$ cat coords_1.cif   # mmCIF, C-alpha atoms
data_final
#
loop_
_atom_site.label_atom_id
_atom_site.label_comp_id
_atom_site.auth_asym_id
_atom_site.auth_seq_id
_atom_site.Cartn_x
_atom_site.Cartn_y
_atom_site.Cartn_z
CA MET W 1 1.85 8.01 -7.94
CA SER W 2 4.36 10.60 -9.00
CA GLY W 3 8.06 10.21 -9.52
CA GLY W 4 10.20 9.07 -12.37
CA GLU W 5 10.19 5.33 -11.84
CA ALA W 6 8.96 3.08 -14.57
CA GLN W 7 5.40 2.05 -13.93
CA GLN W 8 5.08 -1.47 -12.52
CA SER W 9 2.57 -3.92 -13.84
CA GLY W 10 0.97 -4.29 -10.45
CA THR W 11 1.22 -4.23 -6.71
CA ASP W 12 4.73 -5.42 -6.03
CA ALA W 13 5.41 -8.93 -4.82
CA GLY W 14 6.90 -7.72 -1.53
CA THR W 15 3.72 -5.87 -0.62
CA VAL W 16 1.64 -8.98 -1.20
CA GLN W 17 4.07 -11.16 0.74
CA ALA W 18 4.07 -8.76 3.70
CA TRP W 19 0.28 -8.56 3.70
CA MET W 20 -0.15 -12.32 3.52
CA ASP W 21 2.35 -12.77 6.36
CA GLY W 22 0.43 -10.18 8.35
CA TYR W 23 -2.91 -11.84 7.66
CA ARG W 24 -1.58 -15.19 8.75
CA ARG W 25 -0.18 -13.63 11.91
CA ALA W 26 -3.52 -12.02 12.71
CA TRP W 27 -5.32 -15.28 11.96
CA GLU W 28 -3.19 -16.97 14.61
CA THR W 29 -3.14 -14.21 17.24
CA ASN W 30 -6.60 -12.65 16.80
CA ASP W 31 -4.88 -9.56 18.14
CA VAL W 32 -6.80 -6.40 17.33
CA ASP W 33 -3.70 -4.45 16.33
CA ASP W 34 -2.59 -7.26 14.04
CA ILE W 35 -6.03 -7.30 12.42
CA LEU W 36 -6.31 -3.55 12.01
CA ALA W 37 -2.83 -3.25 10.52
CA LEU W 38 -4.12 -5.13 7.47
CA PHE W 39 -6.93 -2.80 6.48
CA THR W 40 -7.55 0.83 5.70
CA GLU W 41 -10.00 2.61 8.00
CA GLU W 42 -12.75 2.41 5.36
CA ALA W 43 -11.90 -1.06 4.09
CA VAL W 44 -14.55 -3.44 2.81
CA TYR W 45 -14.20 -7.10 3.89
CA ARG W 46 -16.28 -9.76 2.21
CA GLY W 47 -16.12 -13.17 3.83
CA ARG W 48 -17.83 -14.45 0.70
CA PRO W 49 -18.78 -12.81 -2.58
CA GLY W 50 -22.42 -11.82 -2.77
CA MET W 51 -22.75 -11.62 0.99
CA PRO W 52 -23.06 -8.50 3.12
CA ALA W 53 -19.65 -6.95 3.69
CA TRP W 54 -18.02 -5.72 6.87
CA ARG W 55 -17.25 -2.04 6.37
CA GLY W 56 -14.63 -0.19 8.30
CA HIS W 57 -12.35 -1.12 11.19
CA ASP W 58 -15.04 -1.62 13.82
CA GLN W 59 -17.10 -4.06 11.76
CA ILE W 60 -14.03 -5.89 10.51
CA VAL W 61 -12.65 -6.47 14.01
CA ALA W 62 -16.04 -7.50 15.37
CA GLY W 63 -16.67 -9.86 12.46
CA TRP W 64 -13.17 -11.28 12.63
CA LEU W 65 -13.38 -12.01 16.35
CA ASP W 66 -16.86 -13.54 15.98
CA ASN W 67 -15.39 -15.98 13.47
CA ALA W 68 -11.98 -16.40 15.07
CA ASP W 69 -10.10 -19.65 14.71
CA GLU W 70 -8.04 -20.94 17.59
CA PRO W 71 -4.27 -20.64 17.12
CA GLY W 72 -2.87 -23.71 15.43
CA SER W 73 -6.21 -24.92 14.11
CA THR W 74 -5.33 -24.55 10.43
CA THR W 75 -2.65 -25.30 7.92
CA PHE W 76 -2.44 -22.81 5.09
CA ALA W 77 -0.63 -22.53 1.77
CA TRP W 78 -0.83 -19.82 -0.85
CA GLU W 79 0.57 -18.53 -4.11
CA VAL W 80 -0.01 -15.35 -6.05
CA LEU W 81 -1.94 -15.99 -9.26
CA ALA W 82 -2.05 -12.44 -10.56
CA ARG W 83 -1.00 -8.92 -9.74
CA ASP W 84 -2.62 -6.24 -11.83
CA GLY W 85 -2.82 -2.59 -10.84
CA ASP W 86 -3.99 -2.34 -7.23
CA LEU W 87 -5.23 -5.91 -7.25
CA ALA W 88 -3.65 -9.13 -6.17
CA VAL W 89 -5.37 -12.47 -6.60
CA VAL W 90 -4.02 -15.17 -4.31
CA ARG W 91 -4.80 -18.87 -4.53
CA CYS W 92 -4.90 -20.52 -1.11
CA VAL W 93 -5.66 -23.88 0.45
CA THR W 94 -6.79 -24.06 4.06
CA THR W 95 -7.14 -27.25 6.05
CA TYR W 96 -8.79 -27.71 9.40
CA PRO W 97 -7.66 -31.17 10.56
CA ASP W 98 -10.46 -31.28 13.10
CA GLY W 99 -12.94 -29.08 14.93
CA PRO W 100 -16.19 -27.51 13.78
CA LYS W 101 -14.86 -26.47 10.35
CA VAL W 102 -13.05 -29.77 9.70
CA GLY W 103 -12.14 -30.16 6.06
CA THR W 104 -10.12 -28.65 3.26
CA TYR W 105 -11.09 -25.42 1.62
CA ASP W 106 -9.96 -23.90 -1.66
CA ASN W 107 -9.70 -20.13 -1.33
CA MET W 108 -9.19 -17.35 -3.78
CA TRP W 109 -8.43 -14.04 -2.14
CA VAL W 110 -9.01 -10.91 -4.15
CA ILE W 111 -7.21 -8.05 -2.48
CA GLU W 112 -7.31 -4.43 -3.54
CA PHE W 113 -4.37 -2.57 -2.07
CA ALA W 114 -4.16 1.02 -0.96
CA PRO W 115 -0.89 2.80 -1.79
CA ASP W 116 0.36 2.19 1.77
CA GLY W 117 0.14 -1.58 1.42
CA ARG W 118 -3.00 -2.05 3.47
CA ALA W 119 -6.08 -3.62 1.93
CA ALA W 120 -8.90 -1.33 0.86
CA GLU W 121 -11.01 -4.28 -0.16
CA PHE W 122 -10.78 -7.99 0.53
CA THR W 123 -12.95 -10.84 -0.71
CA ASP W 124 -12.53 -14.47 0.28
CA TRP W 125 -13.91 -16.87 -2.31
CA TRP W 126 -13.96 -20.20 -0.53
CA ILE W 127 -15.26 -23.58 -1.51
CA ALA W 128 -15.18 -26.64 0.72
CA ARG W 129 -13.90 -29.82 -0.84
CA ALA W 130 -16.53 -32.53 -0.82
CA ASN W 131 -14.50 -35.29 0.74
CA GLY W 132 -13.09 -33.91 3.95
CA PRO W 133 -9.53 -32.93 4.85
CA GLN W 134 -7.04 -33.26 2.00
CA PRO W 135 -3.28 -32.91 1.82
CA LEU W 136 -2.08 -29.51 0.66
CA MET T 1 1.74 -13.44 -22.11
CA THR T 2 -1.81 -12.39 -22.55
CA ASP T 3 -3.35 -8.95 -22.27
CA ARG T 4 -6.58 -7.39 -21.16
CA ALA T 5 -8.01 -7.02 -24.68
CA THR T 6 -7.40 -10.71 -25.42
CA ALA T 7 -8.98 -11.72 -22.13
CA GLN T 8 -12.00 -9.50 -22.70
CA ASP T 9 -12.44 -10.92 -26.17
CA TRP T 10 -12.24 -14.46 -24.80
CA LEU T 11 -14.89 -13.66 -22.22
CA ARG T 12 -17.14 -12.20 -24.93
CA ARG T 13 -16.67 -15.28 -27.11
CA TYR T 14 -17.38 -17.58 -24.16
CA GLU T 15 -20.69 -15.82 -23.66
CA VAL T 16 -21.51 -16.21 -27.37
CA ALA T 17 -20.77 -19.95 -27.18
CA TRP T 18 -22.80 -20.27 -23.98
CA GLU T 19 -25.80 -18.86 -25.80
CA SER T 20 -25.29 -20.57 -29.14
CA ASN T 21 -24.02 -24.00 -28.04
CA ASP T 22 -22.48 -23.99 -31.48
CA GLU T 23 -19.65 -26.48 -31.67
CA ALA T 24 -17.39 -24.18 -33.68
CA ASP T 25 -17.89 -21.40 -31.13
CA ILE T 26 -16.93 -23.77 -28.30
CA ARG T 27 -13.90 -25.20 -30.13
CA ALA T 28 -12.56 -21.73 -30.86
CA LEU T 29 -12.19 -21.06 -27.11
CA PHE T 30 -9.83 -23.90 -26.19
CA THR T 31 -6.58 -25.48 -27.29
CA ASP T 32 -6.68 -29.12 -28.40
CA ASP T 33 -5.20 -30.29 -25.10
CA ALA T 34 -7.05 -27.84 -22.84
CA VAL T 35 -8.18 -28.74 -19.32
CA TYR T 36 -11.59 -27.59 -18.12
CA ASN T 37 -12.10 -27.64 -14.35
CA TYR T 38 -15.61 -27.23 -13.04
CA HIS T 39 -14.34 -26.59 -9.53
CA PRO T 40 -11.06 -25.36 -8.07
CA TYR T 41 -10.40 -28.87 -6.75
CA GLU T 42 -11.53 -31.02 -9.62
CA PRO T 43 -10.87 -34.77 -9.62
CA GLU T 44 -12.57 -35.18 -13.00
CA PRO T 45 -11.76 -32.31 -15.34
CA ALA T 46 -12.69 -32.45 -19.00
CA VAL T 47 -9.36 -32.97 -20.75
CA GLY T 48 -8.93 -32.24 -24.43
CA ILE T 49 -11.16 -30.40 -26.82
CA GLU T 50 -13.33 -33.41 -27.67
CA ALA T 51 -14.15 -34.04 -24.02
CA ILE T 52 -14.77 -30.34 -23.43
CA VAL T 53 -17.20 -30.05 -26.34
CA ALA T 54 -19.05 -33.21 -25.31
CA SER T 55 -19.30 -32.08 -21.70
CA TRP T 56 -20.37 -28.57 -22.69
CA LEU T 57 -23.20 -29.88 -24.88
CA GLU T 58 -24.27 -32.40 -22.28
CA ASN T 59 -24.55 -29.68 -19.64
CA ARG T 60 -25.74 -26.96 -21.96
CA ASP T 61 -27.86 -24.06 -20.88
CA GLU T 62 -30.43 -22.77 -23.30
CA PRO T 63 -30.50 -19.12 -24.33
CA GLY T 64 -32.83 -17.29 -22.00
CA ASP T 65 -32.13 -19.67 -19.10
CA PHE T 66 -29.64 -17.26 -17.62
CA GLU T 67 -28.43 -13.72 -17.43
CA PHE T 68 -24.73 -13.13 -17.30
CA GLU T 69 -22.48 -10.22 -16.52
CA GLY T 70 -18.75 -10.60 -16.51
CA ARG T 71 -15.63 -8.51 -16.50
CA VAL T 72 -11.93 -9.09 -16.52
CA LEU T 73 -10.60 -8.49 -13.03
CA ALA T 74 -6.88 -9.03 -13.51
CA VAL T 75 -4.37 -10.11 -16.12
CA ASP T 76 -0.85 -11.28 -15.31
CA GLY T 77 1.38 -13.33 -17.60
CA GLU T 78 -0.77 -16.06 -19.15
CA VAL T 79 -3.40 -15.79 -16.41
CA ALA T 80 -6.62 -13.86 -16.74
CA ILE T 81 -9.17 -13.72 -13.97
CA ALA T 82 -12.77 -12.81 -14.65
CA GLN T 83 -15.48 -12.04 -12.15
CA CYS T 84 -19.04 -12.75 -13.21
CA VAL T 85 -22.56 -12.94 -11.89
CA THR T 86 -24.94 -15.49 -13.40
CA THR T 87 -28.64 -15.58 -12.64
CA TYR T 88 -30.89 -18.47 -13.58
CA GLY T 89 -34.16 -16.60 -13.35
CA THR T 90 -36.42 -19.41 -14.50
CA ALA T 91 -34.98 -21.96 -12.07
CA ASN T 92 -37.03 -22.87 -9.03
CA PRO T 93 -36.07 -21.13 -6.89
CA PRO T 94 -34.31 -18.51 -9.05
CA THR T 95 -30.63 -18.69 -8.20
CA THR T 96 -27.77 -16.24 -8.57
CA TYR T 97 -24.16 -17.36 -8.64
CA ASP T 98 -20.99 -15.39 -8.16
CA ASN T 99 -18.34 -16.74 -10.51
CA LEU T 100 -14.61 -16.37 -10.60
CA TRP T 101 -12.93 -17.79 -13.66
CA VAL T 102 -9.23 -18.48 -13.92
CA ILE T 103 -8.22 -18.66 -17.56
CA ARG T 104 -4.74 -19.55 -18.79
CA LEU T 105 -4.47 -18.17 -22.29
CA THR T 106 -2.05 -19.05 -25.05
CA ASP T 107 -0.63 -16.42 -27.38
CA ASP T 108 -3.30 -17.23 -29.98
CA GLY T 109 -6.05 -16.26 -27.54
CA ARG T 110 -7.30 -19.74 -26.71
CA ALA T 111 -7.52 -21.18 -23.21
CA ARG T 112 -5.22 -24.04 -22.30
CA GLU T 113 -6.82 -24.24 -18.86
CA PHE T 114 -10.09 -22.97 -17.49
CA THR T 115 -11.14 -23.22 -13.86
CA GLU T 116 -14.49 -22.18 -12.59
CA TRP T 117 -15.26 -21.08 -9.07
CA TYR T 118 -18.95 -20.58 -8.42
CA ILE T 119 -20.78 -19.79 -5.24
CA ALA T 120 -24.55 -19.66 -4.99
CA ARG T 121 -26.06 -16.73 -3.17
CA PRO T 122 -28.55 -17.62 -0.46
CA THR T 123 -31.86 -17.97 -2.31
CA ASP T 124 -33.57 -15.52 0.04
CA ASP T 125 -31.33 -12.76 -1.31
CA ALA T 126 -31.62 -13.77 -4.96
CA ALA T 127 -35.35 -13.21 -5.34
#
$ encode --input "coords_1.cif" --output "structure tokens"
Amino acid sequence: MSGGEAQQSGTDAGTVQAWMDGYRRAWETNDVDDILALFTEEAVYRGRPGMPAWRGHDQIVAGWLDNADEPGSTTFAWEVLARDGDLAVVRCVTTYPDGPKVGTYDNMWVIEFAPDGRAAEFTDWWIARANGPQPL
Amino acid sequence: MTDRATAQDWLRRYEVAWESNDEADIRALFTDDAVYNYHPYEPEPAVGIEAIVASWLENRDEPGDFEFEGRVLAVDGEVAIAQCVTTYGTANPPTTYDNLWVIRLTDDGRAREFTEWYIARPTDDAA
């Protein structure tokens, strides 16, 4: 980045907030435009670390829609744990009160941002709690 | 506030303690009242340095049981996040874990809270 502004310690909070709002919107709508707005054309999406990634818009949309949740099927809470350079690390809790994924999941989202506020890389670390749905 | 160098040094010292299981090495990593979470949602964390040392030694790995590669992913305020890959090559079947560690560091470079996230790779891919 050029310009005379003092360098920030990381991706700014507003960028992360807007992206998280956008992700949640896409999660609920499963609308292709909502999904694509989140990611750069060449983005890498890992639904779990150590697993094959979806690469690029076509794979991300296809993978997303294959795994789509119905609107209203989750409750979701999040907070930013760290912003450092292009990275944001976001601690989340997702609960499915019923349905095939019933339970509570702890998530850590590692998001690498492009300068335009879209994600160039996204990894969802998720771990199911052992004892079923839990309060947030 | 912590910084990247402090976090990297902590990670290096953790690896030393993991290999040595030396009590002084373990103690040097944590504050007296530290909390050690084995999972992100942990009903039974090890609380306090005595409990952490006891739990560490009870669950110890031996040198050569594992290979470890870790790096500091992000540092912000007191929080450092490390991403690691651990392979237990002699286990049956050999298993590789992706690890994400959330470390809350005090100004003296010790952890007051440590939370481990680990996810096993499918064993077919780990061979």
$ residues_around --input "coords_1.cif" --residues "segment 80-83 of chain W" --least-positions-apart "5" --cutoff "7 Å" --atoms "only C-alpha atoms" --output "ChimeraX atom specification"
/W:10-11,88-91 /T:74-76,79
$ interface_residues --input "coords_1.cif" --of "chain W" --to "chain T" --cutoff "12 Å" --atoms "only C-alpha atoms" --output "PyMOL selection string"
chain W and resi 8-11+48-52+80-93+104-112+123-131+134-136
$ residues_near_point --input "coords_1.cif" --point "(-11.4, 1.0, 10.4)" --cutoff "6 Å" --atoms "all atoms listed in the file" --output "PDB file with C-alpha atoms, in the frame of the given file"
ATOM      1  CA  GLU W  41     -10.000   2.610   8.000  1.00  0.00           C
ATOM      2  CA  GLU W  42     -12.750   2.410   5.360  1.00  0.00           C
ATOM      3  CA  GLY W  56     -14.630  -0.190   8.300  1.00  0.00           C
ATOM      4  CA  HIS W  57     -12.350  -1.120  11.190  1.00  0.00           C
ATOM      5  CA  ASP W  58     -15.040  -1.620  13.820  1.00  0.00           C
TER       6      ASP W  58
END
$ closest_residue --input "coords_1.cif" --among "W:Ala13, W:Val44, W:Ala62, W:Trp54" --to "Asn30 of chain W" --atoms "only C-alpha atoms"
W:Ala62
$ resolve_selection --input "coords_1.cif" --expression "the PyMOL selection byres ((chain T and resi 33) around 8)" --output "PDB file with C-alpha atoms, keeping the file's coordinate frame"
ATOM      1  CA  PHE T  30      -9.830 -23.900 -26.190  1.00  0.00           C
ATOM      2  CA  THR T  31      -6.580 -25.480 -27.290  1.00  0.00           C
ATOM      3  CA  ASP T  32      -6.680 -29.120 -28.400  1.00  0.00           C
ATOM      4  CA  ALA T  34      -7.050 -27.840 -22.840  1.00  0.00           C
ATOM      5  CA  VAL T  35      -8.180 -28.740 -19.320  1.00  0.00           C
ATOM      6  CA  VAL T  47      -9.360 -32.970 -20.750  1.00  0.00           C
ATOM      7  CA  GLY T  48      -8.930 -32.240 -24.430  1.00  0.00           C
ATOM      8  CA  ILE T  49     -11.160 -30.400 -26.820  1.00  0.00           C
ATOM      9  CA  ARG T 112      -5.220 -24.040 -22.300  1.00  0.00           C
TER      10      ARG T 112
END
$ closest_residue --input "coords_1.cif" --among "T:Ala54, T:Asn59, T:Phe66, T:Ile103" --to "Arg4 of chain T" --atoms "all atoms listed in the file"
T:Ile103
$ residues_around --input "coords_1.cif" --residues "Arg24 of chain W" --least-positions-apart "6" --cutoff "10 Å" --atoms "all atoms listed in the file" --output "PyMOL selection string"
chain W and resi 18+30+34-35+76
$ axis_aligned_box --input "coords_1.cif" --around "segment 88-96 of chain T" --padding-each-side "8 Å" --output "AutoDock Vina command-line options"
--center_x -32.4 --center_y -19.6 --center_z -10.7 --size_x 25.3 --size_y 22.6 --size_z 23.6
$ atom_distance --input "coords_1.cif" --atom1 "atom CA of Tyr23 of chain W" --atom2 "atom CA of Ala114 of chain W"
15.5 Å
$ residues_near_point --input "coords_1.cif" --point "(-23.5, -19.2, -21.2)" --cutoff "8 Å" --atoms "only C-alpha atoms" --output "ChimeraX atom specification"
/T:14-19,61,63,66,68
$ write_last_selection --input "coords_1.cif" --atoms "C-alpha atoms" --output "PDB file, in the frame of the given file"
ATOM      1  CA  TYR T  14     -17.380 -17.580 -24.160  1.00  0.00           C
ATOM      2  CA  GLU T  15     -20.690 -15.820 -23.660  1.00  0.00           C
ATOM      3  CA  VAL T  16     -21.510 -16.210 -27.370  1.00  0.00           C
ATOM      4  CA  ALA T  17     -20.770 -19.950 -27.180  1.00  0.00           C
ATOM      5  CA  TRP T  18     -22.800 -20.270 -23.980  1.00  0.00           C
ATOM      6  CA  GLU T  19     -25.800 -18.860 -25.800  1.00  0.00           C
ATOM      7  CA  ASP T  61     -27.860 -24.060 -20.880  1.00  0.00           C
ATOM      8  CA  PRO T  63     -30.500 -19.120 -24.330  1.00  0.00           C
ATOM      9  CA  PHE T  66     -29.640 -17.260 -17.620  1.00  0.00           C
ATOM     10  CA  PHE T  68     -24.730 -13.130 -17.300  1.00  0.00           C
TER      11      PHE T  68
END
$ resolve_selection --input "coords_1.cif" --expression "the PyMOL selection byres ((chain W and resi 116-118) around 9)" --output "ChimeraX atom specification"
/W:11,15-16,18-19,37-40,43,112-115,119-120
$ atom_distance --input "coords_1.cif" --atom1 "atom CA of Ala68 of chain W" --atom2 "atom CA of Trp27 of chain W"
7.4 Å
$ atom_distance --input "coords_1.cif" --atom1 "atom CA of Thr115 of chain T" --atom2 "atom CA of Thr6 of chain T"
17.4 Å
$ decode --input "coords_1.cif" --residues "segment 71-85 of chain W" --atoms "N, CA and C atoms" --output "PDB file, in the first residue's frame"
ATOM      1  N   PRO W  71     -31.736 -22.025   5.602  1.00  0.00           N
ATOM      2  CA  PRO W  71     -31.848 -20.780   6.368  1.00  0.00           C
ATOM      3  C   PRO W  71     -32.453 -21.051   7.749  1.00  0.00           C
ATOM      4  N   GLY W  72     -31.889 -20.409   8.740  1.00  0.00           N
ATOM      5  CA  GLY W  72     -32.431 -20.534  10.086  1.00  0.00           C
ATOM      6  C   GLY W  72     -32.018 -21.790  10.834  1.00  0.00           C
ATOM      7  N   SER W  73     -31.137 -22.588  10.244  1.00  0.00           N
ATOM      8  CA  SER W  73     -30.791 -23.856  10.897  1.00  0.00           C
ATOM      9  C   SER W  73     -29.668 -23.728  11.914  1.00  0.00           C
ATOM     10  N   THR W  74     -29.056 -22.546  12.013  1.00  0.00           N
ATOM     11  CA  THR W  74     -27.941 -22.383  12.948  1.00  0.00           C
ATOM     12  C   THR W  74     -28.096 -21.116  13.777  1.00  0.00           C
ATOM     13  N   THR W  75     -27.499 -21.158  14.961  1.00  0.00           N
ATOM     14  CA  THR W  75     -27.190 -19.920  15.668  1.00  0.00           C
ATOM     15  C   THR W  75     -25.672 -19.787  15.665  1.00  0.00           C
ATOM     16  N   PHE W  76     -25.204 -18.552  15.678  1.00  0.00           N
ATOM     17  CA  PHE W  76     -23.790 -18.310  15.407  1.00  0.00           C
ATOM     18  C   PHE W  76     -23.332 -17.096  16.193  1.00  0.00           C
ATOM     19  N   ALA W  77     -22.198 -17.226  16.859  1.00  0.00           N
ATOM     20  CA  ALA W  77     -21.593 -16.092  17.561  1.00  0.00           C
ATOM     21  C   ALA W  77     -20.106 -16.066  17.245  1.00  0.00           C
ATOM     22  N   TRP W  78     -19.532 -14.881  17.239  1.00  0.00           N
ATOM     23  CA  TRP W  78     -18.107 -14.795  16.891  1.00  0.00           C
ATOM     24  C   TRP W  78     -17.458 -13.585  17.548  1.00  0.00           C
ATOM     25  N   GLU W  79     -16.143 -13.685  17.690  1.00  0.00           N
ATOM     26  CA  GLU W  79     -15.343 -12.535  18.118  1.00  0.00           C
ATOM     27  C   GLU W  79     -13.961 -12.652  17.485  1.00  0.00           C
ATOM     28  N   VAL W  80     -13.389 -11.501  17.189  1.00  0.00           N
ATOM     29  CA  VAL W  80     -12.047 -11.488  16.601  1.00  0.00           C
ATOM     30  C   VAL W  80     -11.030 -11.756  17.704  1.00  0.00           C
ATOM     31  N   LEU W  81     -10.179 -12.751  17.476  1.00  0.00           N
ATOM     32  CA  LEU W  81      -9.104 -13.033  18.430  1.00  0.00           C
ATOM     33  C   LEU W  81      -7.837 -12.264  18.077  1.00  0.00           C
ATOM     34  N   ALA W  82      -7.557 -12.160  16.790  1.00  0.00           N
ATOM     35  CA  ALA W  82      -6.312 -11.493  16.381  1.00  0.00           C
ATOM     36  C   ALA W  82      -6.450 -10.945  14.970  1.00  0.00           C
ATOM     37  N   ARG W  83      -5.853  -9.782  14.789  1.00  0.00           N
ATOM     38  CA  ARG W  83      -5.660  -9.228  13.453  1.00  0.00           C
ATOM     39  C   ARG W  83      -4.176  -8.932  13.326  1.00  0.00           C
ATOM     40  N   ASP W  84      -3.578  -9.445  12.279  1.00  0.00           N
ATOM     41  CA  ASP W  84      -2.130  -9.297  12.129  1.00  0.00           C
ATOM     42  C   ASP W  84      -1.833  -9.316  10.634  1.00  0.00           C
ATOM     43  N   GLY W  85      -1.372  -8.188  10.107  1.00  0.00           N
ATOM     44  CA  GLY W  85      -1.116  -8.123   8.676  1.00  0.00           C
ATOM     45  C   GLY W  85      -2.400  -8.387   7.907  1.00  0.00           C
TER      46      GLY W  85
END
